[in-house]
file structure_24.cif (mmCIF, C-alpha atoms)
data_data
#
loop_
_atom_site.label_atom_id
_atom_site.label_comp_id
_atom_site.auth_asym_id
_atom_site.auth_seq_id
_atom_site.Cartn_x
_atom_site.Cartn_y
_atom_site.Cartn_z
CA MET L 1 0.00 0.00 0.00
CA ILE L 2 1.55 3.26 -1.15
CA GLN L 3 1.37 6.45 0.91
CA ALA L 4 2.52 9.87 -0.23
CA GLN L 5 2.08 13.39 1.07
CA ALA L 6 2.60 16.97 0.00
CA THR L 7 2.83 20.14 2.08
CA ALA L 8 2.38 23.77 1.14
CA ARG L 9 3.95 26.09 3.68
CA TYR L 10 3.21 29.73 4.48
CA VAL L 11 -0.13 29.82 2.65
CA ARG L 12 -1.76 33.19 3.29
CA THR L 13 -4.91 32.03 5.11
CA SER L 14 -5.78 31.01 8.62
CA ALA L 15 -5.53 27.37 9.62
CA GLN L 16 -9.15 27.44 10.80
CA LYS L 17 -10.48 28.55 7.38
CA ALA L 18 -8.35 25.96 5.60
CA GLY L 19 -9.56 23.27 8.00
CA LEU L 20 -13.16 23.89 6.96
CA VAL L 21 -12.34 23.00 3.35
CA LEU L 22 -10.08 20.09 4.33
CA ASP L 23 -12.98 18.57 6.30
CA LEU L 24 -14.97 18.41 3.04
CA ILE L 25 -12.45 16.15 1.29
CA ARG L 26 -11.08 13.97 4.11
CA GLY L 27 -11.54 10.26 3.33
CA LYS L 28 -12.77 10.76 -0.25
CA ASP L 29 -11.12 9.36 -3.36
CA VAL L 30 -8.90 11.85 -5.14
CA ASN L 31 -11.08 12.44 -8.21
CA ARG L 32 -14.12 13.19 -6.07
CA ALA L 33 -12.02 15.45 -3.84
CA LEU L 34 -10.73 17.45 -6.81
CA ALA L 35 -14.29 17.92 -8.05
CA THR L 36 -15.38 19.06 -4.59
CA LEU L 37 -12.51 21.56 -4.41
CA ARG L 38 -13.28 22.90 -7.86
CA PHE L 39 -16.79 23.93 -6.85
CA ALA L 40 -16.03 24.97 -3.25
CA ARG L 41 -16.70 28.66 -2.73
CA LYS L 42 -13.61 29.30 -0.61
CA SER L 43 -10.45 30.92 -1.92
CA VAL L 44 -8.20 28.44 -0.11
CA ALA L 45 -9.71 25.57 -2.16
CA GLY L 46 -7.39 26.41 -5.06
CA ASP L 47 -4.33 26.12 -2.82
CA ILE L 48 -5.56 22.80 -1.43
CA ALA L 49 -6.17 21.49 -4.97
CA LYS L 50 -2.54 22.31 -5.84
CA VAL L 51 -1.32 20.39 -2.78
CA LEU L 52 -3.57 17.43 -3.62
CA ASN L 53 -2.28 17.29 -7.21
CA SER L 54 1.27 17.37 -5.85
CA ALA L 55 0.51 14.49 -3.45
CA ILE L 56 -0.94 12.46 -6.35
CA ALA L 57 2.22 13.11 -8.40
CA ASN L 58 4.36 12.06 -5.42
CA ALA L 59 2.42 8.80 -5.13
CA GLN L 60 2.91 8.07 -8.84
CA GLN L 61 6.69 8.43 -8.44
CA LYS L 62 6.88 5.95 -5.55
CA GLU L 63 8.23 2.46 -6.13
CA GLY L 64 5.47 -0.14 -6.10
CA PHE L 65 2.64 2.14 -7.25
CA SER L 66 0.08 0.18 -9.27
CA GLY L 67 -0.43 2.99 -11.80
CA ASP L 68 -4.16 3.35 -11.12
CA VAL L 69 -4.86 6.84 -9.77
CA ASP L 70 -8.51 5.90 -9.21
CA ARG L 71 -7.44 3.70 -6.27
CA LEU L 72 -5.93 6.65 -4.39
CA TYR L 73 -7.88 8.27 -1.57
CA ILE L 74 -7.17 11.01 0.95
CA SER L 75 -6.07 9.22 4.10
CA GLY L 76 -5.25 12.40 6.00
CA CYS L 77 -5.26 16.15 5.62
CA PHE L 78 -4.67 18.93 8.09
CA ALA L 79 -3.73 22.59 8.40
CA ASN L 80 -1.18 23.75 10.96
CA GLN L 81 -0.63 27.35 11.98
CA GLY L 82 2.26 29.18 10.42
CA PRO L 83 3.95 32.36 11.60
CA TYR L 84 1.98 35.59 11.90
CA ALA L 85 2.87 38.79 10.12
CA LYS L 86 2.11 41.54 12.63
CA ARG L 87 0.92 44.84 11.20
CA VAL L 88 -0.24 48.06 12.82
CA ARG L 89 -3.41 49.89 11.87
CA PRO L 90 -4.04 53.48 13.01
CA ALA L 91 -6.89 53.87 15.46
CA PRO L 92 -8.73 56.91 16.90
CA MET L 93 -7.13 59.23 19.44
CA GLY L 94 -3.53 58.43 18.46
CA ARG L 95 -3.78 54.75 19.29
CA ALA L 96 -2.83 51.78 17.11
CA PHE L 97 -4.51 48.42 16.64
CA ARG L 98 -2.46 45.35 15.84
CA THR L 99 -3.54 43.21 12.87
CA LEU L 100 -2.36 39.62 12.62
CA LYS L 101 -1.90 38.37 9.08
CA ARG L 102 -2.11 34.62 9.60
CA THR L 103 -0.45 31.88 7.56
CA ALA L 104 -0.97 28.12 7.48
CA HIS L 105 0.89 24.97 6.49
CA LEU L 106 -1.39 22.67 4.47
CA THR L 107 -0.64 18.93 4.37
CA VAL L 108 -2.50 16.31 2.31
CA ARG L 109 -1.69 12.59 2.58
CA VAL L 110 -2.95 10.10 -0.02
CA SER L 111 -2.95 6.30 0.20
CA GLU L 112 -3.73 3.50 -2.17
CA ARG L 113 -6.80 1.38 -1.40
CA ALA L 114 -6.14 -2.31 -0.99
CA GLU L 115 -7.35 -4.47 -3.85
CA VAL L 116 -10.45 -6.44 -2.97
CA VAL L 117 -10.02 -10.10 -3.83
CA VAL L 118 -13.33 -11.95 -4.24
CA PRO L 119 -13.12 -15.75 -3.99
CA VAL L 120 -14.76 -17.56 -6.89
CA ALA L 121 -16.97 -20.56 -6.04
CA PRO L 122 -16.09 -23.83 -7.78
CA ALA L 123 -18.12 -24.41 -10.95
CA THR L 124 -19.24 -27.93 -9.97
CA ALA L 125 -20.91 -26.84 -6.73
CA ALA L 126 -22.67 -23.86 -8.33
CA ALA L 127 -24.02 -25.78 -11.33
CA GLY L 128 -25.19 -28.94 -9.52
CA LYS L 129 -27.35 -27.50 -6.75
CA ALA L 130 -29.87 -24.73 -6.46
CA PRO L 131 -29.67 -22.30 -3.53
CA LYS L 132 -31.16 -23.55 -0.28
CA ALA L 133 -34.02 -21.03 -0.32
CA ALA L 134 -35.10 -22.14 -3.79
CA ARG L 135 -35.17 -25.86 -2.83
CA ARG L 136 -37.26 -25.51 0.30
CA PRO L 137 -41.06 -25.66 -0.26
CA ARG L 138 -43.06 -22.83 1.23
CA SER L 139 -44.98 -23.60 4.35
CA ARG L 140 -48.72 -22.98 4.52
CA ALA L 141 -48.31 -20.37 7.30
CA SER L 142 -46.07 -18.08 5.24
CA ALA L 143 -48.44 -18.19 2.28
CA VAL L 144 -51.46 -17.07 4.31
CA SER L 145 -51.84 -13.36 4.97
CA SER L 146 -51.34 -12.13 8.52
CA ARG L 147 -54.43 -9.88 8.37
CA PRO L 148 -57.65 -11.07 10.00
CA PRO L 149 -60.45 -12.10 7.61
CA LYS L 150 -62.93 -9.49 6.47
CA LYS L 151 -66.30 -9.38 8.24
CA LYS L 152 -69.27 -10.28 6.10
CA LYS L 153 -72.27 -7.98 6.27
#
call {"tool": "encode", "arguments": {"input": "structure_24.cif", "output": "structure tokens"}}
result
Amino acid sequence: MIQAQATARYVRTSAQKAGLVLDLIRGKDVNRALATLRFARKSVAGDIAKVLNSAIANAQQKEGFSGDVDRLYISGCFANQGPYAKRVRPAPMGRAFRTLKRTAHLTVRVSERAEVVVPVAPATAAAGKAPKAARRPRSRASAVSSRPPKKKK
């Protein structure tokens, strides 16, 4: 099972706002996640889509990757706080208000889903016998309705 991740550092958004969009795609397969990000009405969705595409490319470069991108899903994604840029805004009466310009570090981790192996029943057993439910005759009780009989007038 292949795992790959990509990180974008110092993205100019708050970690809380990025976390809202990351919650939308967590656990989804990558194609569905990219479609979700494309139509999300948040500006950080474009940055997250770039990170997701980078994580997909990283997974394709790993040794042992099956080559099927459709089997990749988002196994983890999170946004950590980055450093603040502190700015000063003039306020009334000679004062100053501090403005924090927040940044975030966005990380997306993708993994490959395990292949589901379905055992095939032997051909002799399947062809020779009918299923148990089909062989059993219906009992009289199951054929009769459970409603009481109608009253005659």
call {"tool": "resolve_selection", "arguments": {"input": "structure_24.cif", "expression": "the PyMOL selection byres ((chain L and resi 56) around 8)", "output": "JSON, numbers by chain"}}
result
{"L": [4, 52, 53, 54, 55, 57, 58, 59, 60, 69, 72, 110]}
call {"tool": "closest_atom_pairs", "arguments": {"input": "structure_24.cif", "of": "region 17-73 of chain L", "to": "region 80-97 of chain L", "cutoff": "12 Å", "atoms": "all atoms listed in the file", "output": "Markdown table"}}
result
| residue | atom | partner | partner_atom | distance |
| --- | --- | --- | --- | --- |
| L:Lys17 | CA | L:Gln81 | CA | 10.9 |
| L:Ala18 | CA | L:Asn80 | CA | 9.2 |
| L:Gly19 | CA | L:Asn80 | CA | 8.9 |
| L:Leu22 | CA | L:Asn80 | CA | 11.7 |
call {"tool": "resolve_selection", "arguments": {"input": "structure_24.cif", "expression": "the PyMOL selection byres ((chain L and resi 71) around 9)", "output": "MDAnalysis selection string"}}
result
chainID L and resid 29:30 66:70 72:73 111:115
call {"tool": "atom_distance", "arguments": {"input": "structure_24.cif", "atom1": "CA of Ala45 (chain L)", "atom2": "CA of Val21 (chain L)"}}
result
6.6 Å
call {"tool": "atom_distance", "arguments": {"input": "structure_24.cif", "atom1": "CA of Val118 (chain L)", "atom2": "CA of Glu63 (chain L)"}}
result
26.0 Å
call {"tool": "resolve_selection", "arguments": {"input": "structure_24.cif", "expression": "the PyMOL selection byres ((chain L and resi 9) around 9)", "output": "list in words"}}
result
Thr7, Ala8, Tyr10, Val11, Gly82, Thr103, Ala104, His105, Leu106 and Thr107 of chain L
call {"tool": "write_last_selection", "arguments": {"input": "structure_24.cif", "atoms": "C-alpha atoms", "output": "PDB file, in the frame of the given file"}}
result
ATOM      1  CA  THR L   7       2.830  20.140   2.080  1.00  0.00           C
ATOM      2  CA  ALA L   8       2.380  23.770   1.140  1.00  0.00           C
ATOM      3  CA  TYR L  10       3.210  29.730   4.480  1.00  0.00           C
ATOM      4  CA  VAL L  11      -0.130  29.820   2.650  1.00  0.00           C
ATOM      5  CA  GLY L  82       2.260  29.180  10.420  1.00  0.00           C
ATOM      6  CA  THR L 103      -0.450  31.880   7.560  1.00  0.00           C
ATOM      7  CA  ALA L 104      -0.970  28.120   7.480  1.00  0.00           C
ATOM      8  CA  HIS L 105       0.890  24.970   6.490  1.00  0.00           C
ATOM      9  CA  LEU L 106      -1.390  22.670   4.470  1.00  0.00           C
ATOM     10  CA  THR L 107      -0.640  18.930   4.370  1.00  0.00           C
TER      11      THR L 107
END
call {"tool": "atom_distance", "arguments": {"input": "structure_24.cif", "atom1": "CA of Leu37 (chain L)", "atom2": "CA of Ser14 (chain L)"}}
result
17.4 Å
call {"tool": "closest_residue", "arguments": {"input": "structure_24.cif", "among": "L:Ala6, L:Val117, L:Leu100, L:Ala40", "to": "Asp23 (chain L)", "atoms": "all atoms listed in the file"}}
result
L:Ala40
call {"tool": "closest_residue", "arguments": {"input": "structure_24.cif", "among": "L:Thr36, L:Thr99, L:Gln5, L:Asn31", "to": "Phe78 (chain L)", "atoms": "only C-alpha atoms"}}
result
L:Gln5
call {"tool": "closest_residue", "arguments": {"input": "structure_24.cif", "among": "L:Pro148, L:Ala121, L:Val108, L:Val116", "to": "Gln3 (chain L)", "atoms": "all atoms listed in the file"}}
result
L:Val108
call {"tool": "closest_residue", "arguments": {"input": "structure_24.cif", "among": "L:Gly64, L:Gly76, L:Pro119, L:Gly46", "to": "Thr13 (chain L)", "atoms": "all atoms listed in the file"}}
result
L:Gly46
call {"tool": "axis_aligned_box", "arguments": {"input": "structure_24.cif", "around": "region 113-121 of chain L", "padding_each_side": "5 Å", "output": "lines of an AutoDock Vina configuration file"}}
result
center_x = -11.6
center_y = -9.6
center_z = -3.9
size_x = 20.8
size_y = 31.9
size_z = 15.9
call {"tool": "build_atoms", "arguments": {"input": "structure_24.cif", "residues": "region 10-26 of chain L", "atoms": "N, CA, C and O atoms", "output": "short mmCIF file (atom, residue, chain, number, x, y, z; two decimals), in the frame of the given file"}}
result
data_model
loop_
_atom_site.label_atom_id
_atom_site.label_comp_id
_atom_site.auth_asym_id
_atom_site.auth_seq_id
_atom_site.Cartn_x
_atom_site.Cartn_y
_atom_site.Cartn_z
N TYR L 10 3.39 28.27 4.49
CA TYR L 10 3.21 29.73 4.48
C TYR L 10 2.10 30.18 3.52
O TYR L 10 2.23 31.19 2.83
N VAL L 11 1.02 29.43 3.47
CA VAL L 11 -0.13 29.82 2.65
C VAL L 11 -0.86 30.94 3.38
O VAL L 11 -1.13 30.85 4.58
N ARG L 12 -1.21 31.97 2.68
CA ARG L 12 -1.76 33.19 3.29
C ARG L 12 -3.26 33.04 3.59
O ARG L 12 -4.11 33.62 2.92
N THR L 13 -3.56 32.22 4.59
CA THR L 13 -4.91 32.03 5.11
C THR L 13 -4.78 31.52 6.53
O THR L 13 -3.69 31.12 6.95
N SER L 14 -5.85 31.54 7.27
CA SER L 14 -5.78 31.01 8.62
C SER L 14 -5.98 29.50 8.58
O SER L 14 -6.63 28.96 7.68
N ALA L 15 -5.42 28.82 9.56
CA ALA L 15 -5.53 27.37 9.62
C ALA L 15 -6.99 26.95 9.84
O ALA L 15 -7.42 25.90 9.34
N GLN L 16 -7.75 27.76 10.54
CA GLN L 16 -9.15 27.44 10.80
C GLN L 16 -9.97 27.46 9.50
O GLN L 16 -10.78 26.57 9.24
N LYS L 17 -9.76 28.46 8.66
CA LYS L 17 -10.48 28.55 7.38
C LYS L 17 -10.08 27.41 6.45
O LYS L 17 -10.92 26.86 5.74
N ALA L 18 -8.80 27.07 6.44
CA ALA L 18 -8.35 25.96 5.60
C ALA L 18 -8.91 24.64 6.12
O ALA L 18 -9.26 23.75 5.33
N GLY L 19 -9.03 24.50 7.42
CA GLY L 19 -9.56 23.27 8.00
C GLY L 19 -11.00 23.01 7.60
O GLY L 19 -11.41 21.84 7.46
N LEU L 20 -11.78 24.06 7.39
CA LEU L 20 -13.16 23.89 6.96
C LEU L 20 -13.24 23.21 5.59
O LEU L 20 -14.09 22.36 5.35
N VAL L 21 -12.34 23.60 4.69
CA VAL L 21 -12.34 23.00 3.35
C VAL L 21 -11.73 21.60 3.40
O VAL L 21 -12.19 20.69 2.71
N LEU L 22 -10.71 21.40 4.23
CA LEU L 22 -10.08 20.09 4.33
C LEU L 22 -11.06 19.05 4.90
O LEU L 22 -10.99 17.88 4.53
N ASP L 23 -11.97 19.49 5.76
CA ASP L 23 -12.98 18.57 6.30
C ASP L 23 -13.91 18.05 5.20
O ASP L 23 -14.47 16.97 5.32
N LEU L 24 -14.08 18.83 4.13
CA LEU L 24 -14.97 18.41 3.04
C LEU L 24 -14.39 17.23 2.25
O LEU L 24 -15.15 16.43 1.69
N ILE L 25 -13.06 17.14 2.17
CA ILE L 25 -12.45 16.15 1.29
C ILE L 25 -11.83 14.98 2.05
O ILE L 25 -11.41 14.00 1.42
N ARG L 26 -11.75 15.03 3.35
CA ARG L 26 -11.08 13.97 4.11
C ARG L 26 -11.79 12.63 3.90
O ARG L 26 -12.99 12.52 4.05
#
